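J.: For reference, this is entry-v9.tsv, and it has TSV, C-alpha atoms and all ligand atoms.
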chain	number	residue	atom	x	y	z
A	1	MET	CA	34.34	-30.75	-27.61
A	2	LYS	CA	32.33	-33.78	-28.65
A	3	PHE	CA	28.53	-33.86	-28.42
A	4	ALA	CA	25.99	-36.67	-28.83
A	5	VAL	CA	22.39	-35.92	-29.80
A	6	LEU	CA	19.67	-38.53	-29.34
A	7	GLY	CA	16.50	-37.66	-31.29
A	8	THR	CA	16.86	-35.77	-34.55
A	9	GLY	CA	13.45	-34.09	-34.81
A	10	ILE	CA	12.89	-30.34	-34.73
A	11	MET	CA	14.90	-29.68	-31.56
A	12	GLY	CA	17.57	-32.32	-32.09
A	13	ARG	CA	18.38	-30.78	-35.48
A	14	GLY	CA	18.52	-27.34	-33.90
A	15	TRP	CA	21.07	-28.47	-31.31
A	16	ILE	CA	23.10	-30.46	-33.87
A	17	THR	CA	23.38	-27.28	-35.97
A	18	GLN	CA	24.20	-25.17	-32.90
A	19	PHE	CA	27.06	-27.46	-31.82
A	20	ALA	CA	28.43	-27.98	-35.34
A	21	MET	CA	28.38	-24.32	-36.32
A	22	ASN	CA	30.50	-23.62	-33.24
A	23	GLY	CA	33.12	-26.08	-34.49
A	24	HIS	CA	32.21	-29.01	-32.22
A	25	ASP	CA	31.91	-32.59	-33.44
A	26	VAL	CA	28.37	-33.97	-33.16
A	27	HIS	CA	27.20	-37.58	-33.44
A	28	CYS	CA	23.50	-38.26	-33.72
A	29	PHE	CA	21.03	-41.11	-33.70
A	30	ASP	CA	17.26	-41.50	-33.91
A	31	ALA	CA	15.01	-44.54	-33.42
A	32	ASN	CA	13.29	-43.57	-36.67
A	33	THR	CA	16.20	-44.24	-39.02
A	34	LYS	CA	14.11	-43.17	-42.06
A	35	GLY	CA	14.09	-39.61	-40.76
A	36	LEU	CA	17.89	-39.48	-40.61
A	37	THR	CA	18.17	-38.63	-44.32
A	38	GLY	CA	16.56	-35.27	-43.57
A	39	VAL	CA	19.08	-34.30	-40.88
A	40	ILE	CA	21.84	-32.79	-43.04
A	41	PRO	CA	19.45	-30.82	-45.32
A	42	GLY	CA	17.58	-29.62	-42.21
A	43	CYS	CA	20.84	-28.51	-40.55
A	44	GLU	CA	22.02	-26.82	-43.77
A	45	LYS	CA	18.80	-24.83	-43.85
A	46	MET	CA	19.14	-23.77	-40.21
A	47	ALA	CA	22.82	-22.87	-40.66
A	48	ALA	CA	21.91	-20.75	-43.71
A	49	THR	CA	19.24	-18.89	-41.71
A	50	ALA	CA	21.69	-18.39	-38.83
A	51	ALA	CA	24.38	-17.08	-41.23
A	52	LYS	CA	21.86	-14.55	-42.56
A	53	LYS	CA	20.70	-13.47	-39.12
A	54	PHE	CA	24.20	-13.13	-37.68
A	55	LYS	CA	25.59	-11.56	-40.89
A	56	ASN	CA	28.17	-14.31	-41.40
A	57	ASP	CA	29.31	-14.10	-45.03
A	58	ASP	CA	31.91	-16.91	-44.87
A	59	PRO	CA	31.17	-18.87	-48.09
A	60	ASP	CA	32.31	-22.10	-46.37
A	61	PHE	CA	30.15	-21.65	-43.25
A	62	ILE	CA	27.49	-24.21	-44.19
A	63	ALA	CA	29.97	-26.81	-45.48
A	64	ASN	CA	32.15	-26.33	-42.39
A	65	THR	CA	29.10	-26.77	-40.17
A	66	THR	CA	27.96	-30.02	-41.76
A	67	SER	CA	31.53	-31.38	-41.83
A	68	HIS	CA	31.26	-31.72	-38.03
A	69	ILE	CA	28.10	-33.87	-38.14
A	70	THR	CA	28.15	-37.69	-38.13
A	71	ILE	CA	24.87	-39.53	-38.49
A	72	HIS	CA	24.58	-43.08	-37.17
A	73	GLU	CA	21.97	-45.53	-38.39
A	74	ASP	CA	23.26	-48.20	-36.06
A	75	LYS	CA	22.67	-47.75	-32.32
A	76	ASP	CA	25.76	-49.68	-31.22
A	77	ALA	CA	28.01	-47.69	-33.56
A	78	PHE	CA	26.51	-44.49	-32.12
A	79	ILE	CA	27.16	-45.62	-28.54
A	80	ALA	CA	30.75	-46.60	-29.38
A	81	ALA	CA	31.36	-43.21	-31.07
A	82	VAL	CA	30.01	-41.16	-28.15
A	83	ASN	CA	31.44	-43.15	-25.25
A	84	ASP	CA	33.94	-40.38	-24.53
A	85	CYS	CA	31.75	-37.40	-25.48
A	86	ASP	CA	31.49	-34.32	-23.26
A	87	VAL	CA	27.71	-33.93	-23.44
A	88	PHE	CA	24.90	-36.35	-24.32
A	89	LEU	CA	21.82	-34.32	-25.24
A	90	GLU	CA	18.45	-36.05	-25.42
A	91	ALA	CA	15.72	-34.50	-27.58
A	92	ILE	CA	13.25	-37.38	-27.91
A	93	PHE	CA	9.47	-37.21	-27.44
A	94	GLU	CA	8.14	-35.36	-24.38
A	95	ASP	CA	7.23	-38.47	-22.41
A	96	LEU	CA	8.76	-38.99	-18.98
A	97	LYS	CA	8.47	-42.80	-18.96
A	98	LEU	CA	10.00	-43.04	-22.42
A	99	LYS	CA	12.84	-40.65	-21.57
A	100	CYS	CA	13.64	-42.58	-18.34
A	101	THR	CA	13.60	-45.96	-20.13
A	102	VAL	CA	15.80	-44.72	-22.96
A	103	LEU	CA	18.29	-42.97	-20.64
A	104	ALA	CA	18.53	-46.06	-18.41
A	105	ASP	CA	19.50	-47.95	-21.55
A	106	PHE	CA	22.02	-45.51	-23.10
A	107	MET	CA	23.76	-43.71	-20.25
A	108	PRO	CA	25.31	-46.68	-18.35
A	109	GLN	CA	27.03	-47.61	-21.62
A	110	LEU	CA	28.93	-44.29	-21.68
A	111	SER	CA	31.96	-43.05	-19.75
A	112	ASP	CA	31.20	-41.72	-16.25
A	113	LYS	CA	32.42	-38.26	-17.22
A	114	VAL	CA	29.62	-37.68	-19.75
A	115	VAL	CA	27.10	-34.99	-18.75
A	116	LEU	CA	23.43	-35.46	-19.64
A	117	TRP	CA	21.58	-32.48	-21.05
A	118	SER	CA	17.84	-33.02	-21.42
A	119	ASN	CA	15.98	-30.73	-23.80
A	120	THR	CA	12.68	-31.48	-22.09
A	121	SER	CA	10.36	-28.48	-22.10
A	122	SER	CA	8.39	-29.35	-18.98
A	123	LEU	CA	9.36	-32.63	-17.27
A	124	ASP	CA	10.91	-33.31	-13.85
A	125	ILE	CA	14.67	-33.81	-14.28
A	126	ASP	CA	15.03	-35.90	-11.09
A	127	PRO	CA	13.60	-39.23	-12.36
A	128	MET	CA	15.63	-38.83	-15.57
A	129	ALA	CA	18.78	-38.06	-13.58
A	130	ASP	CA	18.23	-41.17	-11.43
A	131	ALA	CA	17.45	-43.30	-14.51
A	132	CYS	CA	20.78	-42.45	-16.09
A	133	GLY	CA	22.67	-43.41	-12.93
A	134	ARG	CA	24.62	-40.15	-12.61
A	135	PRO	CA	22.21	-37.67	-10.98
A	136	ASP	CA	25.05	-35.24	-10.21
A	137	ARG	CA	25.82	-34.96	-13.94
A	138	ALA	CA	22.27	-34.52	-15.28
A	139	ILE	CA	20.55	-31.20	-16.00
A	140	VAL	CA	17.84	-29.67	-18.20
A	141	THR	CA	18.97	-27.40	-21.04
A	142	HIS	CA	15.67	-26.35	-22.56
A	143	GLY	CA	16.53	-24.68	-25.83
A	144	MET	CA	14.00	-22.63	-27.77
A	145	ASN	CA	12.97	-23.33	-31.35
A	146	PRO	CA	14.84	-22.75	-33.66
A	147	VAL	CA	17.87	-23.32	-31.42
A	148	PRO	CA	20.55	-21.67	-33.63
A	149	LEU	CA	18.51	-18.46	-33.80
A	150	MET	CA	17.07	-18.24	-30.29
A	151	PRO	CA	19.64	-17.37	-27.60
A	152	GLY	CA	17.60	-18.37	-24.53
A	153	VAL	CA	18.31	-21.70	-22.84
A	154	GLU	CA	16.47	-22.61	-19.68
A	155	VAL	CA	18.89	-24.39	-17.33
A	156	VAL	CA	17.17	-26.50	-14.68
A	157	PRO	CA	19.27	-28.37	-12.12
A	158	GLY	CA	17.72	-31.33	-10.30
A	159	ALA	CA	17.91	-32.04	-6.58
A	160	LYS	CA	21.23	-33.88	-6.96
A	161	THR	CA	22.84	-31.91	-9.83
A	162	SER	CA	26.30	-30.80	-8.74
A	163	ALA	CA	27.46	-27.18	-8.75
A	164	GLU	CA	30.21	-28.27	-11.20
A	165	THR	CA	27.61	-29.54	-13.68
A	166	VAL	CA	25.65	-26.29	-13.45
A	167	GLU	CA	28.78	-24.22	-14.01
A	168	PHE	CA	30.09	-26.46	-16.84
A	169	THR	CA	26.67	-26.18	-18.53
A	170	ARG	CA	26.50	-22.39	-18.17
A	171	GLN	CA	30.04	-21.88	-19.43
A	172	THR	CA	29.60	-24.26	-22.37
A	173	LEU	CA	26.39	-22.51	-23.42
A	174	LEU	CA	27.94	-19.06	-23.02
A	175	SER	CA	30.90	-20.16	-25.17
A	176	MET	CA	28.34	-20.84	-27.95
A	177	LYS	CA	26.78	-17.38	-27.52
A	178	LYS	CA	23.65	-18.75	-25.85
A	179	SER	CA	21.92	-16.96	-22.96
A	180	PRO	CA	21.47	-19.54	-20.20
A	181	PHE	CA	19.18	-18.68	-17.29
A	182	LEU	CA	18.36	-20.72	-14.20
A	183	ALA	CA	14.77	-21.91	-13.81
A	184	PRO	CA	12.97	-23.99	-11.16
A	185	ASN	CA	12.31	-27.73	-11.50
A	186	ILE	CA	8.52	-27.37	-11.56
A	187	PRO	CA	6.18	-28.58	-14.38
A	188	GLY	CA	6.96	-26.35	-17.37
A	189	PHE	CA	9.88	-24.68	-15.54
A	190	TRP	CA	9.68	-20.88	-16.03
A	191	VAL	CA	8.94	-20.41	-19.74
A	192	ASN	CA	6.27	-23.06	-20.28
A	193	ARG	CA	4.79	-22.60	-16.82
A	194	LEU	CA	3.74	-19.14	-18.09
A	195	LEU	CA	3.39	-19.84	-21.82
A	196	MET	CA	1.41	-23.11	-21.95
A	197	PRO	CA	-1.73	-21.91	-20.11
A	198	GLN	CA	-1.75	-18.88	-22.45
A	199	MET	CA	-1.38	-20.95	-25.63
A	200	LEU	CA	-4.06	-23.42	-24.55
A	201	ASP	CA	-6.39	-20.57	-23.52
A	202	ALA	CA	-5.95	-19.08	-26.99
A	203	VAL	CA	-7.27	-22.32	-28.53
A	204	ARG	CA	-10.18	-22.40	-26.08
A	205	LEU	CA	-11.12	-18.80	-27.00
A	206	LEU	CA	-10.87	-19.74	-30.67
A	207	GLU	CA	-13.18	-22.70	-30.02
A	208	GLN	CA	-15.67	-20.36	-28.35
A	209	GLY	CA	-15.64	-18.12	-31.43
A	210	LYS	CA	-14.26	-15.19	-29.45
A	211	ILE	CA	-11.17	-14.66	-31.59
A	212	LYS	CA	-9.97	-15.51	-35.10
A	213	VAL	CA	-6.56	-17.03	-35.86
A	214	GLU	CA	-5.18	-14.01	-37.75
A	215	ASP	CA	-6.55	-11.39	-35.34
A	216	GLY	CA	-5.16	-13.34	-32.39
A	217	ASP	CA	-1.67	-13.45	-33.89
A	218	ILE	CA	-1.67	-9.85	-35.12
A	219	GLY	CA	-2.82	-8.77	-31.66
A	220	LEU	CA	-0.01	-10.53	-29.79
A	221	ASN	CA	2.57	-9.56	-32.38
A	222	THR	CA	1.76	-5.87	-32.56
A	223	SER	CA	0.81	-5.38	-28.92
A	224	LEU	CA	3.16	-7.63	-26.97
A	225	GLY	CA	5.94	-8.07	-29.53
A	226	HIS	CA	5.47	-11.87	-29.79
A	227	PRO	CA	7.10	-12.47	-33.19
A	228	GLN	CA	4.76	-15.30	-34.22
A	229	GLY	CA	1.69	-14.62	-32.13
A	230	THR	CA	0.25	-17.77	-30.59
A	231	PHE	CA	-1.31	-19.82	-33.42
A	232	LYS	CA	1.80	-19.69	-35.62
A	233	LEU	CA	3.83	-20.70	-32.59
A	234	HIS	CA	1.47	-23.68	-32.12
A	235	ASP	CA	2.18	-24.62	-35.75
A	236	PHE	CA	5.96	-24.43	-35.28
A	237	VAL	CA	5.97	-26.36	-32.00
A	238	THR	CA	3.66	-28.92	-33.69
A	239	ALA	CA	0.36	-30.22	-32.36
A	240	PRO	CA	1.75	-33.57	-31.05
A	241	THR	CA	4.44	-31.81	-29.01
A	242	MET	CA	1.90	-29.27	-27.68
A	243	LEU	CA	-0.40	-32.15	-26.72
A	244	ARG	CA	2.38	-34.15	-25.02
A	245	VAL	CA	3.62	-31.12	-23.07
A	246	ALA	CA	0.08	-30.13	-22.02
A	247	LEU	CA	-0.86	-33.65	-20.92
A	248	GLN	CA	2.37	-34.21	-18.98
A	249	MET	CA	2.12	-30.80	-17.29
A	250	TYR	CA	-1.56	-31.47	-16.48
A	251	GLN	CA	-0.69	-34.86	-15.01
A	252	ALA	CA	2.09	-33.35	-12.89
A	253	SER	CA	0.13	-30.33	-11.66
A	254	ASN	CA	-3.63	-31.09	-11.93
A	255	ASP	CA	-3.99	-27.51	-13.17
A	256	PRO	CA	-7.20	-27.47	-15.30
A	257	ARG	CA	-5.77	-24.70	-17.53
A	258	LEU	CA	-3.31	-27.30	-18.81
A	259	TYR	CA	-5.98	-29.79	-19.89
A	260	PRO	CA	-5.68	-29.79	-23.69
A	261	PRO	CA	-8.59	-28.46	-25.74
A	262	LEU	CA	-10.41	-30.85	-28.07
A	263	THR	CA	-9.23	-28.98	-31.18
A	264	LEU	CA	-5.63	-29.81	-30.33
A	265	MET	CA	-6.39	-33.49	-29.88
A	266	ARG	CA	-8.31	-33.58	-33.17
A	267	MET	CA	-5.46	-31.87	-35.02
A	268	VAL	CA	-3.10	-34.57	-33.80
A	269	GLN	CA	-5.53	-37.34	-34.80
A	270	ASN	CA	-5.98	-35.81	-38.27
A	271	GLY	CA	-2.26	-35.37	-38.92
A	272	GLU	CA	-2.69	-31.58	-39.07
A	273	HIS	CA	0.43	-30.96	-37.01
A	274	GLY	CA	1.35	-27.48	-38.20
A	275	ALA	CA	4.09	-26.15	-40.45
A	276	SER	CA	5.86	-29.53	-40.72
A	277	THR	CA	2.83	-31.31	-42.23
A	278	GLY	CA	1.60	-28.29	-44.22
A	279	LYS	CA	-1.59	-27.76	-42.22
A	280	GLY	CA	-2.34	-26.60	-38.70
A	281	PHE	CA	-3.97	-23.37	-37.63
A	282	TYR	CA	-2.50	-22.11	-40.91
A	283	ASP	CA	-2.19	-23.61	-44.37
A	284	TRP	CA	1.56	-23.73	-45.03
A	285	SER	CA	1.43	-24.62	-48.77
A	286	ASP	CA	3.34	-21.39	-49.33
A	287	PRO	CA	5.59	-21.26	-46.23
A	288	ARG	CA	6.39	-17.58	-46.82
A	289	ASN	CA	2.75	-16.65	-46.88
A	290	PRO	CA	0.78	-18.93	-44.53
A	291	LYS	CA	-3.01	-18.54	-44.70
A	292	ALA	CA	-5.14	-18.82	-41.58
A	293	ARG	CA	-7.50	-21.82	-41.71
A	294	ASP	CA	-10.98	-22.21	-40.32
A	295	VAL	CA	-10.59	-25.06	-37.83
A	296	SER	CA	-14.09	-24.80	-36.35
A	297	HIS	CA	-15.05	-28.03	-38.13
A	298	TYR	CA	-13.22	-29.97	-35.42
A	299	LEU	CA	-15.86	-28.95	-32.93
A	300	VAL	CA	-18.79	-29.18	-35.34
A	301	ASP	CA	-17.68	-32.71	-36.16
A	302	ASN	CA	-17.65	-33.45	-32.49
A	303	VAL	CA	-21.23	-32.23	-31.99
A	304	ASP	CA	-22.35	-34.33	-34.98
A	305	ASP	CA	-20.54	-37.34	-33.54
A	306	MET	CA	-22.28	-36.84	-30.22
A	307	LEU	CA	-25.72	-36.38	-31.83
A	308	GLU	CA	-25.07	-39.55	-33.82
A	309	HIS	CA	-24.67	-41.46	-30.56
A	310	ILE	CA	-28.07	-40.39	-29.12
A	311	LYS	CA	-30.14	-40.97	-32.26
B	1	LIG	N1	9.01	-28.39	-30.69
B	1	LIG	C1	9.40	-27.39	-29.91
B	1	LIG	O1	9.17	-26.21	-30.22
B	1	LIG	C2	10.17	-27.66	-28.64
B	1	LIG	C3	10.75	-26.57	-27.99
B	1	LIG	C4	11.52	-26.80	-26.85
B	1	LIG	C5	11.68	-28.07	-26.35
B	1	LIG	N2	11.06	-29.13	-26.98
B	1	LIG	C6	11.28	-30.47	-26.42
B	1	LIG	O2	12.28	-31.12	-27.20
B	1	LIG	C7	12.04	-32.54	-27.21
B	1	LIG	C8	11.91	-33.02	-28.63
B	1	LIG	O3	10.86	-32.30	-29.24
B	1	LIG	P1	10.78	-32.10	-30.84
B	1	LIG	O4	9.85	-30.98	-31.07
B	1	LIG	O5	12.13	-32.09	-31.43
B	1	LIG	O6	10.05	-33.47	-31.23
B	1	LIG	P2	10.05	-34.25	-32.62
B	1	LIG	O7	8.84	-35.10	-32.61
B	1	LIG	O8	10.29	-33.29	-33.75
B	1	LIG	O9	11.37	-35.17	-32.52
B	1	LIG	C9	11.52	-36.19	-31.57
B	1	LIG	C10	12.44	-37.23	-32.16
B	1	LIG	O10	12.73	-38.22	-31.17
B	1	LIG	C11	12.81	-39.46	-31.83
B	1	LIG	N3	12.63	-40.53	-30.85
B	1	LIG	C12	11.49	-40.85	-30.19
B	1	LIG	N4	11.73	-41.91	-29.39
B	1	LIG	C13	13.05	-42.23	-29.53
B	1	LIG	C14	13.90	-43.23	-28.96
B	1	LIG	N5	13.41	-44.12	-28.10
B	1	LIG	N6	15.19	-43.27	-29.33
B	1	LIG	C15	15.68	-42.38	-30.24
B	1	LIG	N7	14.92	-41.42	-30.82
B	1	LIG	C16	13.62	-41.35	-30.45
B	1	LIG	C17	11.69	-39.42	-32.86
B	1	LIG	O11	11.87	-40.38	-33.88
B	1	LIG	C18	11.81	-37.97	-33.37
B	1	LIG	O12	12.67	-37.87	-34.48
B	1	LIG	C19	10.81	-32.76	-26.34
B	1	LIG	O13	11.22	-33.06	-25.03
B	1	LIG	C20	10.10	-31.41	-26.41
B	1	LIG	O14	9.26	-31.16	-25.32
B	1	LIG	C21	10.33	-28.94	-28.11
Kindly transcribe the structure held in the file into structure tokens.

T.:
Amino acid sequence: MKFAVLGTGIMGRGWITQFAMNGHDVHCFDANTKGLTGVIPGCEKMAATAAKKFKNDDPDFIANTTSHITIHEDKDAFIAAVNDCDVFLEAIFEDLKLKCTVLADFMPQLSDKVVLWSNTSSLDIDPMADACGRPDRAIVTHGMNPVPLMPGVEVVPGAKTSAETVEFTRQTLLSMKKSPFLAPNIPGFWVNRLLMPQMLDAVRLLEQGKIKVEDGDIGLNTSLGHPQGTFKLHDFVTAPTMLRVALQMYQASNDPRLYPPLTLMRMVQNGEHGASTGKGFYDWSDPRNPKARDVSHYLVDNVDDMLEHIK
């Protein structure tokens, strides 16, 4: 099969690796062409971790995986190469307006048979499906990070998604050893509808001084079996993605538990995005041994700022 991946950030790279390591050809493109140089090394790293986890000792596994990946710096060349692809997967920023605009641009340029998979983690598939002009062939496939290691894929059909598209999607995912499950088209679907309020509450409790970063993560890890706890998970998802998902879910639901805490907004403003930038709730200078940080200064700064204004 032939796959197209639009957006080569954390999730795009995960899907590129997933498709390529299953022997499928993948073409990818990103609006930020500077970031494209990191795609192959990023995919090599993920493939190596997957080989370790799944006990694959084929010495050619990584080279075989990357041999299926074609990176395009030119948008028109990308569109020409993927015109006859089986699946076009979008993994761009979590922003409904942006996704609709971009899909309305790309999808009409592709063959009618192409199926759209959106990796959105929370957004309504229906406007995206309409924007791409083939609502029967559009569906959410919300993969979990890191995609090659995490089997779960949330499959969310829209109002007009055909039964054929649902079945094609399920079968294609199963053929790649993923575990697809159907979820409702509500803000956050199933996984983030439950997870996001919890992760945002954790930050609010941290802000109130009720819990410390390390204790919070040890607690969830050792008591509920969450491998990363909550604050490490924040750092892997990245603060900008957490903020985008929270804001879009808040806008769609008006649920106050989804209103993002100030600490999260400040982390985004300060470029402290998590593991990818080296600092978040943890200091990632040594990625094997992250050290919890004291992030209370975000709130203290805020009080000082406010006092400054009433002097
Ligand atoms: N980070 C996670 O843990 C996670 C998990 C599941 C789902 N998701 C979802 O996956 C999607 C991508 O998230 P991510 O974490 O990979 O984000 P990211 O910021 O790592 O990557 C997004 C990429 O999209 C590119 N992009 C933005 N606008 C574009 C455009 N107009 N055309 C082409 N490329 C464009 C950016 O340059 C960037 O490389 C989002 O919908 C997010 O909600 C994220």

J.: With all atoms listed in the file as the basis for distance, which of A:Met46, A:Met11, A:Val203, A:Met107 is at the shortest distance from Val237 of chain A?

T.: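 Looking only at the distances to Val237 of chain A, the closest residue turns out to be A:Met11.
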
J.: As a count of residues only, please: the residues near Lys99 of chain A (cut-off 10 Å, all atoms listed in the file, same-chain neighbours under 2 positions excluded).

T.: 20

J.: Can you tell me which residues sit at most 7 Å away from ligand LIG 1 (chain B), counting only C-alpha atoms and all ligand atoms, written as a PyMOL selection string?

T.: chain A and resi 6-12+29-32+35+91-94+98+102+119-122+142-145+236-238+241+245

J.: Keeping only C-alpha atoms, write the selected residues as a PDB file, in the frame of the given file.

T.:
ATOM      1  CA  LEU A   6      19.670 -38.530 -29.340  1.00  0.00           C
ATOM      2  CA  GLY A   7      16.500 -37.660 -31.290  1.00  0.00           C
ATOM      3  CA  THR A   8      16.860 -35.770 -34.550  1.00  0.00           C
ATOM      4  CA  GLY A   9      13.450 -34.090 -34.810  1.00  0.00           C
ATOM      5  CA  ILE A  10      12.890 -30.340 -34.730  1.00  0.00           C
ATOM      6  CA  MET A  11      14.900 -29.680 -31.560  1.00  0.00           C
ATOM      7  CA  GLY A  12      17.570 -32.320 -32.090  1.00  0.00           C
ATOM      8  CA  PHE A  29      21.030 -41.110 -33.700  1.00  0.00           C
ATOM      9  CA  ASP A  30      17.260 -41.500 -33.910  1.00  0.00           C
ATOM     10  CA  ALA A  31      15.010 -44.540 -33.420  1.00  0.00           C
ATOM     11  CA  ASN A  32      13.290 -43.570 -36.670  1.00  0.00           C
ATOM     12  CA  GLY A  35      14.090 -39.610 -40.760  1.00  0.00           C
ATOM     13  CA  ALA A  91      15.720 -34.500 -27.580  1.00  0.00           C
ATOM     14  CA  ILE A  92      13.250 -37.380 -27.910  1.00  0.00           C
ATOM     15  CA  PHE A  93       9.470 -37.210 -27.440  1.00  0.00           C
ATOM     16  CA  GLU A  94       8.140 -35.360 -24.380  1.00  0.00           C
ATOM     17  CA  LEU A  98      10.000 -43.040 -22.420  1.00  0.00           C
ATOM     18  CA  VAL A 102      15.800 -44.720 -22.960  1.00  0.00           C
ATOM     19  CA  ASN A 119      15.980 -30.730 -23.800  1.00  0.00           C
ATOM     20  CA  THR A 120      12.680 -31.480 -22.090  1.00  0.00           C
ATOM     21  CA  SER A 121      10.360 -28.480 -22.100  1.00  0.00           C
ATOM     22  CA  SER A 122       8.390 -29.350 -18.980  1.00  0.00           C
ATOM     23  CA  HIS A 142      15.670 -26.350 -22.560  1.00  0.00           C
ATOM     24  CA  GLY A 143      16.530 -24.680 -25.830  1.00  0.00           C
ATOM     25  CA  MET A 144      14.000 -22.630 -27.770  1.00  0.00           C
ATOM     26  CA  ASN A 145      12.970 -23.330 -31.350  1.00  0.00           C
ATOM     27  CA  PHE A 236       5.960 -24.430 -35.280  1.00  0.00           C
ATOM     28  CA  VAL A 237       5.970 -26.360 -32.000  1.00  0.00           C
ATOM     29  CA  THR A 238       3.660 -28.920 -33.690  1.00  0.00           C
ATOM     30  CA  THR A 241       4.440 -31.810 -29.010  1.00  0.00           C
ATOM     31  CA  VAL A 245       3.620 -31.120 -23.070  1.00  0.00           C
TER      32      VAL A 245
END

J.: Atom CA of His24 of chain A and atom CA of Ala51 of chain A, how far apart in Å?

T.: 16.9 Å

J.: Give me the residues near segment 66-81 of chain A as JSON, numbers by chain, where near means some atom within 6 Å (using all atoms listed in the file) and where sequence neighbours in that chain fewer than 6 positions away do not count.

T.: {"A": [20, 25, 26, 27, 28, 29, 33]}

J.: Could you give me, as a PyMOL selection string, the residues that have an atom at most 9 Å away from the point (26.9, -23.4, -32.8) in the coordinates of the file, using all atoms listed in the file?

T.: chain A and resi 15-24+47+65+148+176-178

J.: Just checking: using only C-alpha atoms, which residue out of A:Phe281, A:Tyr298, A:Phe181, A:Trp190 ends up closest to Gly229 of chain A?

T.: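 Under the stated criterion, the closest residue is A:Phe281.
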
J.: Provide the atom CA of Leu149 of chain A to atom CA of Asn185 of chain A distance in Å, to one decimal place.

T.: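 Atom CA of Leu149 of chain A sits 24.9 Å away from atom CA of Asn185 of chain A.
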
J.: Considering all atoms listed in the file, state which residue in the set A:Ala63, A:Met150, A:Ala275, A:Ala138 is at the smallest distance from Pro227 of chain A.

T.: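 Closest to Pro227 of chain A of all the choices is A:Met150.
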
J.: Report, in Å to a single decimal, how far apart atom CA of Leu89 of chain A and atom CA of Ile125 of chain A are.

T.: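 Separation between atom CA of Ile125 of chain A and atom CA of Leu89 of chain A: 13.1 Å.
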
J.: What lies within 12 Å of Val213 of chain A using only C-alpha atoms, ignoring chain neighbours under 3 positions off, as number ranges by chain?

T.: A: 202-207, 209-210, 216-220, 228-235, 280-283, 290-296

J.: Given the choices A:Lys34, A:Arg170, A:Lys45, A:His273, which gets closest to Ile139 of chain A if the distance is worked out from only C-alpha atoms?

T.: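 Nearest to Ile139 of chain A: A:Arg170.
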
J.: Can you pull out the residues contacting Asp255 of chain A? Cut-off 12 Å, using all atoms listed in the file, and skip same-chain residues under 2 positions away; I want them as a PyMOL selection string.

T.: chain A and resi 187-188+193+196-197+246-253+257-260

J.: In the coordinate frame of the file, compute which residues have an atom within 12 Å of (-11.5, -31.4, -27.2) when using all atoms listed in the file, and state them as a ChimeraX atom specification.

T.: /A:200,203-204,207-208,243,259-269,296-303

J.: Applying 7 Å and only C-alpha atoms, which residues near Val156 of chain A remain after dropping the ones on its own chain fewer than 3 positions away? List them as a list in words.

T.: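 Listing them by chain and then by number gives Ile139, Val140, Thr141, Leu182, Ala183, Pro184 and Asn185 of chain A.
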
J.: Under the rule that all atoms listed in the file are counted, which of A:Ala129, A:Val115, A:Asn221, A:Ile186 is the nearest residue to Thr169 of chain A?

T.: A:Val115

J.: Pick out the closest residue to Met1 of chain A from this set: A:Asn254, A:Ser175, A:Asn192, A:Ser223. Count all atoms listed in the file.

T.: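 Distance minimum relative to Met1 of chain A lands on A:Ser175.
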